[in-house]
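A.B. asks: I am sharing upload08.txt, which consists of compact mmCIF, C-alpha atoms:
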```
# COMPACT_ATOMS: atom_id res chain seq x y z
CA MET D 169 71.26 70.50 62.76
CA HIS D 170 74.55 72.40 62.78
CA PRO D 171 74.44 74.85 65.73
CA GLN D 172 75.04 77.91 63.53
CA LEU D 173 72.22 76.89 61.21
CA ALA D 174 69.98 76.17 64.19
CA ALA D 175 70.67 79.71 65.41
CA ILE D 176 69.65 81.12 62.01
CA ALA D 177 66.46 79.04 62.07
CA ALA D 178 65.69 80.35 65.58
CA GLU D 179 66.19 83.95 64.39
CA LEU D 180 63.79 83.33 61.49
CA ARG D 181 61.18 81.87 63.86
CA ASP D 182 61.69 84.86 66.19
CA ALA D 183 61.08 87.23 63.27
CA ARG D 184 57.83 85.43 62.48
CA ALA D 185 56.68 85.66 66.11
CA ARG D 186 57.66 89.34 66.23
CA LEU D 187 55.60 90.10 63.14
CA HIS D 188 52.60 88.20 64.52
CA ARG D 189 52.80 90.26 67.72
CA LEU D 190 53.00 93.46 65.69
CA VAL D 191 50.03 92.60 63.50
CA ALA D 192 47.99 91.74 66.61
CA THR D 193 48.65 95.16 68.15
CA VAL D 194 48.41 97.50 65.16
CA PRO D 195 44.93 98.71 64.27
CA GLY D 196 44.13 97.84 60.65
CA GLY D 197 43.90 101.49 59.62
CA ALA D 198 47.39 102.21 60.92
CA TRP D 199 49.05 99.38 58.97
CA ASN D 200 49.58 101.52 55.84
CA VAL D 201 50.22 104.85 57.59
CA ARG D 202 53.60 106.53 57.39
CA ARG D 203 54.52 108.48 60.51
CA HIS D 204 57.00 110.48 58.45
CA PRO D 205 57.07 111.03 54.66
CA ASP D 206 60.63 109.67 54.41
CA ARG D 207 59.89 106.48 56.37
CA TRP D 208 57.99 103.38 55.37
CA SER D 209 54.75 102.22 56.96
CA ALA D 210 54.61 98.86 58.73
CA ALA D 211 52.98 97.40 55.62
CA GLU D 212 55.79 98.66 53.39
CA CYS D 213 58.44 97.24 55.73
CA VAL D 214 56.86 93.79 55.59
CA GLU D 215 56.35 93.93 51.82
CA HIS D 216 60.04 94.85 51.43
CA LEU D 217 60.94 91.75 53.44
CA ASN D 218 58.67 89.61 51.28
CA LEU D 219 60.24 91.01 48.10
CA THR D 220 63.69 90.33 49.51
CA THR D 221 62.94 86.73 50.44
CA ARG D 222 61.39 86.05 47.03
CA ALA D 223 64.58 87.30 45.38
CA PHE D 224 66.87 85.23 47.61
CA LEU D 225 65.10 81.87 47.40
CA PRO D 226 66.31 80.94 43.88
CA LEU D 227 69.80 82.22 44.72
CA LEU D 228 69.89 80.02 47.80
CA ASP D 229 68.61 77.05 45.78
CA ALA D 230 71.46 77.50 43.30
CA ALA D 231 73.98 77.84 46.13
CA LEU D 232 72.71 74.67 47.81
CA ASP D 233 73.01 72.81 44.51
CA GLY D 234 76.55 74.12 44.16
CA ALA D 235 77.44 73.03 47.69
CA ARG D 236 76.06 69.54 46.98
CA ARG D 237 78.20 69.34 43.83
CA LEU D 238 81.29 70.42 45.77
CA GLY D 239 80.76 67.60 48.19
CA GLY D 240 82.64 67.18 51.37
CA PRO D 241 81.42 67.76 54.88
CA ALA D 242 80.28 70.98 56.45
CA PRO D 243 82.98 72.69 58.48
CA ARG D 244 82.86 72.55 62.24
CA ARG D 245 82.43 76.31 62.15
CA TYR D 246 80.97 78.24 59.23
CA ARG D 247 82.63 81.55 58.43
CA ARG D 248 81.25 84.62 56.74
CA ASP D 249 83.50 86.14 54.11
CA PRO D 250 84.56 89.81 54.58
CA LEU D 251 81.67 91.37 52.63
CA GLY D 252 79.19 88.99 54.23
CA TRP D 253 80.49 89.85 57.69
CA LEU D 254 80.30 93.58 56.97
CA LEU D 255 76.71 93.35 55.71
CA TRP D 256 75.72 91.08 58.60
CA ARG D 257 77.22 93.53 61.08
CA ALA D 258 75.60 96.59 59.49
CA MET D 259 72.21 94.95 58.99
CA GLY D 260 71.10 94.32 62.53
CA PRO D 261 69.03 96.60 64.69
CA PRO D 262 69.34 99.06 66.15
CA ILE D 263 69.73 100.91 62.89
CA ARG D 264 73.03 102.77 62.98
CA PHE D 265 72.66 104.33 59.56
CA ARG D 266 69.96 104.48 56.94
CA THR D 267 70.45 103.16 53.45
CA ARG D 268 68.31 103.31 50.35
CA THR D 269 67.28 100.12 48.67
CA THR D 270 67.25 99.46 44.96
CA ALA D 271 64.05 100.08 43.03
CA ALA D 272 63.19 96.38 42.74
CA PHE D 273 62.86 96.17 46.52
CA VAL D 274 60.81 99.31 47.13
CA PRO D 275 57.28 98.23 47.99
CA THR D 276 54.67 99.67 45.65
CA ALA D 277 51.33 98.27 46.80
CA PRO D 278 51.30 97.29 50.47
CA ALA D 279 48.86 94.55 51.30
CA GLU D 280 46.42 94.28 54.16
CA PRO D 281 47.88 92.88 57.40
CA ALA D 282 46.39 89.38 57.02
CA GLU D 283 47.68 89.07 53.45
CA SER D 284 51.16 90.39 54.36
CA LEU D 285 51.34 88.03 57.31
CA ALA D 286 50.27 84.99 55.28
CA ASP D 287 52.84 85.81 52.60
CA PHE D 288 55.57 86.36 55.19
CA ASP D 289 54.72 83.07 56.94
CA HIS D 290 54.86 81.14 53.66
CA LEU D 291 58.20 82.71 52.74
CA GLN D 292 59.60 82.04 56.24
CA ASP D 293 58.69 78.37 55.80
CA GLU D 294 60.58 78.39 52.50
CA LEU D 295 63.64 80.01 54.11
CA LEU D 296 63.52 77.50 56.97
CA ARG D 297 63.50 74.69 54.38
CA ARG D 298 66.65 76.14 52.81
CA VAL D 299 68.35 76.40 56.21
CA ALA D 300 67.50 72.75 56.92
CA ALA D 301 68.71 71.73 53.45
CA ALA D 302 72.03 73.49 54.11
CA ASP D 303 72.79 71.21 57.05
CA GLY D 304 75.85 69.11 56.31
CA LEU D 305 76.84 71.14 53.24
CA PRO D 306 79.91 73.35 52.75
CA ILE D 307 77.76 76.47 52.18
CA ASP D 308 80.60 78.78 53.13
CA ARG D 309 82.44 77.59 50.00
CA VAL D 310 79.79 78.65 47.47
CA ARG D 311 78.96 82.22 46.55
CA VAL D 312 75.75 84.15 46.00
CA GLU D 313 75.43 87.38 44.06
CA SER D 314 73.36 89.89 45.99
CA PRO D 315 70.12 90.85 44.26
CA PHE D 316 70.62 94.32 45.76
CA GLY D 317 73.82 95.18 43.94
CA ALA D 318 75.42 93.72 40.85
CA GLY D 319 78.86 92.43 41.60
CA ALA D 320 78.34 92.14 45.36
CA ARG D 321 79.09 88.52 46.14
CA TYR D 322 79.35 86.67 49.43
CA ASN D 323 79.13 83.08 50.54
CA ALA D 324 75.83 81.28 51.09
CA PHE D 325 76.37 81.08 54.85
CA SER D 326 76.68 84.87 54.89
CA ALA D 327 73.46 85.16 52.89
CA LEU D 328 71.57 82.88 55.26
CA SER D 329 72.85 84.76 58.30
CA ILE D 330 72.12 88.21 56.83
CA LEU D 331 68.47 87.47 56.03
CA PRO D 332 67.11 87.20 59.60
CA ARG D 333 69.11 90.27 60.70
CA HIS D 334 67.64 92.17 57.76
CA GLN D 335 64.19 90.99 58.83
CA HIS D 336 64.67 92.14 62.42
CA ARG D 337 65.96 95.48 61.16
CA HIS D 338 62.79 96.13 59.20
CA LEU D 339 60.51 94.67 61.85
CA TRP D 340 62.05 97.16 64.28
CA GLN D 341 61.34 99.85 61.69
CA ALA D 342 57.73 98.61 61.36
CA GLU D 343 57.35 98.75 65.14
CA GLN D 344 58.66 102.33 65.13
CA ALA D 345 56.21 103.24 62.38
CA ASN D 346 53.42 102.33 64.75
CA GLY D 347 54.85 103.76 67.94
CA ARG D 348 55.71 100.38 69.43
```
Let me see the file written as structure tokens.

C.D. replies:
Amino acid sequence: MHPQLAAIAAELRDARARLHRLVATVPGGAWNVRRHPDRWSAAECVEHLNLTTRAFLPLLDAALDGARRLGGPAPRRYRRDPLGWLLWRAMGPPIRFRTRTTAAFVPTAPAEPAESLADFDHLQDELLRRVAAADGLPIDRVRVESPFGAGARYNAFSALSILPRHQHRHLWQAEQANGR
């Protein structure tokens, strides 16, 4: 696998392991508790990540199809476009500034820890399949429109690299919600 894609896959696996550790240490009753009215609970953080992944999977599928149609080899080094780089840079923990998400990505009914974890694991497997499918494709030459903001477009490599950083951002937030 291309080294940059292997790094993304490793970050996704790390996010899964991080969530498993969190679920193992948070008492069930604390999973849905907000420590502050303006902050999400651990459950809400994980549900937001699940909503985000569900929205990105079809976009990534379309981008992979587009990259296959373009043909040609993958570059030796993938590059994020300017917007993708900016989002990637801003997304990682520690959180430098807070942002509000769009209504479609605000969790409404947080699930129990086991259900959230099973959903997250399934969606991580799906993301890992897309990362593997991207190997050998010119994914930095096809664009994805962000489900978070109409008109915000960046290349598929940017999208794949932003997703695990976004996950770690909200897993950090979930850890903070439970005093970890």

A.B. asks: From the options D:Gly239, D:Glu343, D:Ala318, D:Leu285, which residue's atoms come nearest to His188 of chain D, counting only C-alpha atoms?

C.D. replies: D:Leu285

A.B. asks: Centre and edge lengths, as JSON, for the axis-aligned box enclosing every listed atom of segment 239-243 of chain D with 5 Å of padding on each of the six sides, in Å to one decimal?

C.D. replies:
```
{"center_x": 81.6, "center_y": 69.9, "center_z": 53.3, "size_x": 12.7, "size_y": 15.5, "size_z": 20.3}
```

A.B. asks: Taking (69.0, 77.0, 50.9) in the file's coordinates, which residues come within 10 Å, counting only C-alpha atoms, written as a list in words?

C.D. replies: Phe224, Leu225, Pro226, Leu227, Leu228, Asp229, Ala230, Ala231, Leu232, Asp233, Ala235, Glu294, Leu295, Leu296, Arg297, Arg298, Val299, Ala300, Ala301, Ala302, Asp303, Ile307, Ala324, Phe325, Ala327 and Leu328 of chain D

A.B. asks: Restricting the output to C-alpha atoms, write the selected residues as a PDB file, in the coordinates of the input.

C.D. replies:
```
ATOM      1  CA  PHE D 224      66.870  85.230  47.610  1.00  0.00           C
ATOM      2  CA  LEU D 225      65.100  81.870  47.400  1.00  0.00           C
ATOM      3  CA  PRO D 226      66.310  80.940  43.880  1.00  0.00           C
ATOM      4  CA  LEU D 227      69.800  82.220  44.720  1.00  0.00           C
ATOM      5  CA  LEU D 228      69.890  80.020  47.800  1.00  0.00           C
ATOM      6  CA  ASP D 229      68.610  77.050  45.780  1.00  0.00           C
ATOM      7  CA  ALA D 230      71.460  77.500  43.300  1.00  0.00           C
ATOM      8  CA  ALA D 231      73.980  77.840  46.130  1.00  0.00           C
ATOM      9  CA  LEU D 232      72.710  74.670  47.810  1.00  0.00           C
ATOM     10  CA  ASP D 233      73.010  72.810  44.510  1.00  0.00           C
ATOM     11  CA  ALA D 235      77.440  73.030  47.690  1.00  0.00           C
ATOM     12  CA  GLU D 294      60.580  78.390  52.500  1.00  0.00           C
ATOM     13  CA  LEU D 295      63.640  80.010  54.110  1.00  0.00           C
ATOM     14  CA  LEU D 296      63.520  77.500  56.970  1.00  0.00           C
ATOM     15  CA  ARG D 297      63.500  74.690  54.380  1.00  0.00           C
ATOM     16  CA  ARG D 298      66.650  76.140  52.810  1.00  0.00           C
ATOM     17  CA  VAL D 299      68.350  76.400  56.210  1.00  0.00           C
ATOM     18  CA  ALA D 300      67.500  72.750  56.920  1.00  0.00           C
ATOM     19  CA  ALA D 301      68.710  71.730  53.450  1.00  0.00           C
ATOM     20  CA  ALA D 302      72.030  73.490  54.110  1.00  0.00           C
ATOM     21  CA  ASP D 303      72.790  71.210  57.050  1.00  0.00           C
ATOM     22  CA  ILE D 307      77.760  76.470  52.180  1.00  0.00           C
ATOM     23  CA  ALA D 324      75.830  81.280  51.090  1.00  0.00           C
ATOM     24  CA  PHE D 325      76.370  81.080  54.850  1.00  0.00           C
ATOM     25  CA  ALA D 327      73.460  85.160  52.890  1.00  0.00           C
ATOM     26  CA  LEU D 328      71.570  82.880  55.260  1.00  0.00           C
TER      27      LEU D 328
END
```

A.B. asks: Which value, in Å to one decimal, gives the distance between atom CA of Ser326 of chain D and atom CA of Trp340 of chain D?

C.D. replies: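 That distance, rounded to one decimal, is 21.3 Å.
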
A.B. asks: Can you work out the spacing between atom CA of Tyr322 of chain D and atom CA of Gly252 of chain D in Å, to one decimal?

C.D. replies: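 So the answer is 5.3 Å.
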
A.B. asks: Using only C-alpha atoms, give me every residue within 12 Å of (73.5, 67.9, 64.0) in file coordinates, as an NGL selection string.

C.D. replies: :D and (169-174 or 242-244 or 300 or 302-305)

A.B. asks: Check the smallest atom-to-atom distance from each of D:Ala258, D:Val310, D:Pro332, D:Gly319 to Glu179 of chain D using only C-alpha atoms, then report the winner.

C.D. replies: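 Nearest to Glu179 of chain D: D:Pro332.
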
A.B. asks: For atom CA of Ala342 of chain D and atom CA of Arg321 of chain D, determine how far apart the two atoms are, in Å to one decimal place.

C.D. replies: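 Rounded to one decimal, the two atoms are 28.1 Å apart.
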
A.B. asks: My list of candidates is D:His338, D:Arg222, D:Arg207, D:Arg333. Which is closest to Leu255 of chain D when distances are computed with all atoms listed in the file?

C.D. replies: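 That would be D:Arg333, the residue with the smallest distance to Leu255 of chain D.
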
A.B. asks: What lies within 9 Å of Asn200 of chain D using all atoms listed in the file, ignoring chain neighbours under 6 positions off, as a PyMOL selection string?

C.D. replies: chain D and resi 208-212+278-281

A.B. asks: Restricting the calculation to all atoms listed in the file: of D:Ala175, D:Cys213, D:Val201, D:Val191, which residue gets closest to Gln341 of chain D?

C.D. replies: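 Of D:Ala175, D:Cys213, D:Val201, D:Val191, the one nearest Gln341 of chain D is D:Cys213, counting all atoms listed in the file.
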